[in-house]
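Written out below as structure tokens is the structure these notes cover.
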Amino acid sequence: MHRGKGMKFVGDSRVPAQQKANLPKDYSEYPGRTEAFWPNFLLKEWLVGSVFLIGFLILTAAHASPLEQQADPTNAAYIPLPDWYFLFLYEFLKYQYAGGDYIVLGAIVMPGLAFGALLLAPFLDPGPERRPHKRPIAVSLMMLGVIATFWLTYESVSEADYETRSEEYGVDIEAVESEVNTDHPGYAAYEANCLSCHGDALQGQGSYPALIDTERSIEEIKDIAVNGVGSMPAGIFNGSDEELQQLAEFIKDPTGEGGSAEGSGSEEGSGESGSEEGSSEESGSTEGESGSEEGSESQE
Amino acid sequence: MLQKIYDWVDERVDITPLWRDIADHEVPEHVNPAHHFSAFVYCFGGLTFFVTVIQILSGMFLTMYYVPDIENAWNSVYYLQREVAYGQIVRGMHHWGASLVIVMLFLHTLRVFFQGAYKKPRELNWVIGVLLFFVMLGLGFTGYLLPWDNKAYFATQVGLEIAAATPIIGDQIRTLLAGDPSIVGAQTLTRFFAIHVFFLPAALFGLMAFHFVLIRKQGISGPL
Amino acid sequence: MSDKKRVSRRQFLNYTLTGVGGFMAAGMLAPMVRFAIDPVLKPSGAGGLVSVASVEELTNEPQRFEWTVDQVDGWYESEVQRTAWVYRNDNDEIVALSPICTHLGCTVDYGSNEEYPDQFYCPCHAGRYTKDGVNVPGTPPTAPLPPIEYEVREGMLYLGEAQSEGGV
């Protein structure tokens, strides 16, 4: 390297005036066939990246990212469950000596030891050997940690009922904004008997399922209204048979005109849309109620 | 034309060595999947970086619609997912990317560990890598409060209880994170938003830059 | 094919690399950019007309009318107040003008300046408009007051959005 006296610079900067050819560095440390990083190796890397990206985009397009109902601190029925990558810790804290009175042990000491050991692995395993079978203690401890993490996650996942959760707590983003026809002859019966639980737009709430786009027949709806289903008790509906028929027709097609053609009932929907926008959720889970009895039908 | 602009800049700033240093180095055979298919394990680090880039970009775009406020957060997420074109995809990229980045990090960590690639002289880079892993977990934890749905709310409450289990200063840590000794609410959300969008990414960038400089400086570990 | 135009292996790889890189960038960014520019591409919600006053109330003297419209701003819905100056001109045609000064957006008033009793006057920078909304030359505004979309139905005056003249 030419330095010191006699060196010429560009202006008053520190950039040398005479540039040397930027010779590629040789990679002689490891003998064998080497390859230029740019463009040869990077091209292969990016091809892998492209395949990965395509798969990733297909995943995002195929599976909508879930959104649950807006946070409601008073919802006592909600069973919290963290994202999958925290499940191991969540599950670990269920053990007797990791939770309860021993929470410090389970929440701080044990994870602290595990992650601390991970952080300091190069200093806990300082020998020069790199091959796994030459450093059995480090490798077996790591294996233990990995297996424990997998096991805890598996245990937690197998206990959690993701299908029911997404039905009960999830919000169907693609749900069609329903505009309930309050002029429908069955609406009065709905309002009197069902609205307090199933919501003003049939959207359901909490553990009460939504009734939007129900796949049940009118006869089934009539039967449920009278005899109940799942956790819904019998005898909720009290009214005449005619009202029952109208109610069932209304639930089957809440936006329709119903038997009698009374004016255009599209106006009041827009008035309600303020409340509906945030709550016309769960329409995918119209059959949620049946989960206990008839097995849930696939929603997607 | 481009060549002239480049020469003009290069004459004054001497940028050639900068990119030459990145581009002009040889990659040894043992990390090249074209030579040994088993070398695909070396891809996990790069894929982690790739997903991180996706996360940064999609996160930047999501904040165009998102508001960190308990009354509007959920509605804005619902709105952007439902009404905005490709909102579903962009939020999906951020949501699924968060999981994928953890998976990739995990695989990358296992690769480095079982190959003993953290041995001298690369101890420091391992430590930085594990810190990056912690930062990612922190981003995951602060990130899922932001949509302000039931899952966010209750899982955060559990998380804060775990933090509060720390001896002696547990309550202080909880208050520091939640912004209030007992409520998980408005102040928690804005705090988590700030941590998720400014503090942790800043740490992430710094650590990542350090990670890459060290890789370049020390080279990829040799074959076993 | 002359030798000069032949693509070397390295060049070919560089082109391929750029192509693959471009594909990845496009795949990542296309949905995000479309997401970001969505408000530009969304058709502007043509605000409906609102019944404001009876046609009989209108005189030759501009009157100030106020009404509210429901405004949906993304996830935020609110009621916004609108105002307009409405009168019948000499040909008995209804003229509805927006009160927003085309200079810097203050609210103009009719006849509030004693010197110019039959002109719209903007208190901020003394901008003036004649009664038909045309800006008086020599005063700050450079464009006339935008007319407001109106309709007369069953004796009621319906007002809508101000029609931007474009390129103010």
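Residue numbering restarts at 1 for every chain of the structure tokens, chains are lettered A, B, ... in their displayed order, and ligands are numbered from 1 as they appear.
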Which residues come within 8 Å of Gly143 (chain B), counting only C-alpha atoms, excluding same-chain residues fewer than 3 positions away, as a PyMOL selection string?
-> chain B and resi 139-140+146+192-193+196
How would you write, as JSON, numbers by chain, the set of residues in region 30-184 of chain B that DSSP gives as alpha helix (DSSP H)?
-> {"B": [43, 44, 45, 46, 47, 48, 49, 50, 51, 52, 53, 54, 55, 56, 57, 58, 59, 60, 61, 62, 73, 74, 75, 76, 77, 78, 79, 80, 81, 82, 87, 88, 89, 90, 91, 92, 93, 94, 95, 96, 97, 98, 99, 100, 101, 102, 103, 104, 105, 106, 107, 108, 109, 110, 111, 112, 113, 114, 123, 124, 125, 126, 127, 128, 129, 130, 131, 132, 133, 134, 135, 136, 137, 138, 139, 140, 141, 142, 143, 150, 151, 152, 153, 154, 155, 156, 157, 158, 159, 160, 161, 162, 163, 164, 170, 171, 172, 173, 174, 175, 176, 177, 178]}
Which chain C residues have any atom within 7 Å of an atom of chain B, and for each, what is the nearest pair of atoms with distance in Å to one decimal, counting only C-alpha atoms, rows sorted by chain and number, as a Markdown table?
| residue | atom | partner | partner_atom | distance |
| --- | --- | --- | --- | --- |
| C:Met28 | CA | B:Ile54 | CA | 6.9 |
| C:Pro31 | CA | B:Tyr86 | CA | 5.8 |
| C:Met32 | CA | B:Val90 | CA | 6.0 |
| C:Arg34 | CA | B:Ala85 | CA | 6.8 |
| C:Phe35 | CA | B:Tyr86 | CA | 5.4 |
| C:Ala36 | CA | B:Phe61 | CA | 6.6 |
| C:Asp38 | CA | B:Ala85 | CA | 6.1 |
| C:Gly74 | CA | B:Tyr79 | CA | 6.9 |
| C:Trp75 | CA | B:Ser76 | CA | 5.8 |
Give me, as a ChimeraX atom specification, the contact residues of chain C against chain A at a cut-off of 7 Å, counting only C-alpha atoms.
-> /C:13-14,17,20-21,24
Put those residues in a file: C-alpha atoms, as a PDB file, in the first residue's frame.
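Saved as result_8.pdb:
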ATOM      1  CA  LEU C  13     -25.501 -13.385 -14.798  1.00  0.00           C
ATOM      2  CA  ASN C  14     -25.726  -9.729 -13.873  1.00  0.00           C
ATOM      3  CA  LEU C  17     -29.586 -11.246 -11.121  1.00  0.00           C
ATOM      4  CA  VAL C  20     -34.598 -11.907 -10.205  1.00  0.00           C
ATOM      5  CA  GLY C  21     -33.998  -9.025  -7.817  1.00  0.00           C
ATOM      6  CA  MET C  24     -38.548 -10.115  -5.666  1.00  0.00           C
TER       7      MET C  24
END
Write out as a tab-separated table the residues of chain B that have any atom within 7 Å of an atom of chain A, one row each with the nearest atom pair and its distance in Å to one decimal, counting only C-alpha atoms, sorted by chain and then rising number.
residue	atom	partner	partner_atom	distance
B:Arg12	CA	A:Val10	CA	6.9
B:Val13	CA	A:Val15	CA	6.8
B:Asp14	CA	A:Val15	CA	6.3
B:Ala23	CA	A:Trp38	CA	4.9
B:Asp24	CA	A:Pro24	CA	5.3
B:His25	CA	A:Phe37	CA	5.6
B:Glu26	CA	A:Ala36	CA	4.4
B:Val27	CA	A:Glu35	CA	5.1
B:Pro28	CA	A:Thr34	CA	4.5
B:Glu29	CA	A:Thr34	CA	5.2
B:Leu47	CA	A:Gly49	CA	6.8
B:Trp74	CA	A:Gln70	CA	5.9
B:Asn75	CA	A:Gly278	CA	6.8
B:Arg82	CA	A:Ile173	CA	5.9
B:Gln88	CA	A:Ala64	CA	6.4
B:Ile89	CA	A:Thr60	CA	5.8
B:Arg91	CA	A:Ser65	CA	6.8
B:Gly92	CA	A:Ser65	CA	4.9
B:Met93	CA	A:Thr60	CA	5.9
B:His95	CA	A:Ser65	CA	6.2
B:Trp96	CA	A:Thr60	CA	6.9
B:Phe114	CA	A:Pro132	CA	5.9
B:Gln115	CA	A:Arg130	CA	6.1
B:Gly116	CA	A:Arg130	CA	4.4
B:Tyr118	CA	A:Pro122	CA	6.0
B:Lys119	CA	A:Pro122	CA	6.1
B:Glu123	CA	A:Pro122	CA	5.4
B:Val127	CA	A:Leu119	CA	5.5
B:Val130	CA	A:Leu119	CA	5.6
B:Trp148	CA	A:Ala71	CA	5.5
B:Asp149	CA	A:Gln70	CA	4.2
B:Asn150	CA	A:Ala71	CA	4.1
B:Lys151	CA	A:Pro80	CA	6.2
B:Tyr153	CA	A:Ala71	CA	5.8
B:Phe154	CA	A:Pro80	CA	5.3
B:Ala155	CA	A:Pro82	CA	5.3
B:Ile162	CA	A:Ala107	CA	6.1
B:Ala165	CA	A:Val104	CA	5.7
B:Thr166	CA	A:Ile108	CA	6.3
B:Pro167	CA	A:Val104	CA	6.9
B:Gly222	CA	A:Tyr30	CA	6.8
B:Leu224	CA	A:Arg131	CA	6.5
For Gln119 (chain C), work out the shell of residues within 9 Å, counting only C-alpha atoms and skipping chain neighbours fewer than 2 positions away, then give it as number ranges by chain.
-> C: 109-113, 116-117, 121, 128-133
